[in-house]
Amino acid sequence: MSENRDILDALRHARHDWMNDLQLIKGNLELNRIERAKQVIDTMVITAQNESKLSNLKLPLLAEWILTYNWSTHLVKLEFEVGAAGYAGTLDDQKLVLICKELMELLESGVKPSAENQLSLIINLSEEHPRFIFDFTGILEETDVLEEWIEKFKLSGKNIEIELFQKEAFVIHFPVE
């Protein structure tokens, strides 16, 4: 696909999302639900700020992957948040994308399709503890493959912390130094 086609596709998706939000605001205003309209606007502002932080991380491949992931139909919805961003080291953009893609593929193949499955990726690039926090809610039909994935990284020397690990939820801290 040409670069111009990619740009047009991105603009089409962004416009679609923007119009959905505007329709929510307009509908709530027409129903005189002022507080709900304000909540939608607040959510739009937070989303835009988060997207801006993500775009400023100097990880263009990761930013593109995250920002476009939900444009396709998936069994797992991806949300993200950018926390601290003071890490001065160099991060391997391509490797980070591969880690995220690999995890999402494992989840996509292991979740219950009829459940509301969501992965929140918290990007915390603090100077002291740069890490991705993967926070999943939904229903995993089996956890073996995910446990093997975690073990693979532990064996390679990654100090992965498991805060919670169940079929309905997990929280994994993944160092990204």
# chains A, B, ... in the order shown; residues from 1 in each chain; ligands from 1
call {"tool": "residues_around", "arguments": {"residues": "Glu116 in chain A", "least_positions_apart": "6", "cutoff": "10 Å", "atoms": "only C-alpha atoms", "output": "list in words"}}
result
Leu75, Val76, Lys77, Thr137, Gly138 and Ile139 of chain A
call {"tool": "residues_around", "arguments": {"residues": "Thr43 in chain A", "least_positions_apart": "5", "cutoff": "12 Å", "atoms": "only C-alpha atoms", "output": "list in words"}}
result
Trp18, Asp21, Leu22, Leu24, Ile25, Arg36, Ala37, Lys38, Ala48, Gln49 and Asn50 of chain A
call {"tool": "closest_residue", "arguments": {"among": "A:Lys101, A:Lys95, A:Arg33, A:Lys167", "to": "Ile66 in chain A", "atoms": "only C-alpha atoms"}}
result
A:Lys101
call {"tool": "atom_distance", "arguments": {"atom1": "CA of Asp17 in chain A", "atom2": "CA of Met44 in chain A"}}
result
10.1 Å
call {"tool": "select_by_dssp", "arguments": {"residues": "range 33-86 of chain A", "states": "strand (DSSP E)", "output": "PyMOL selection string"}}
result
chain A and resi 76-82
call {"tool": "select_by_dssp", "arguments": {"residues": "range 1-147 of chain A", "states": "alpha helix (DSSP H)", "output": "PyMOL selection string"}}
result
chain A and resi 3-30+34-55+60-69+93-110+144-147
call {"tool": "closest_residue", "arguments": {"among": "A:Thr90, A:Asn70, A:Thr47, A:Asn28", "to": "Pro130 in chain A", "atoms": "only C-alpha atoms"}}
result
A:Thr90
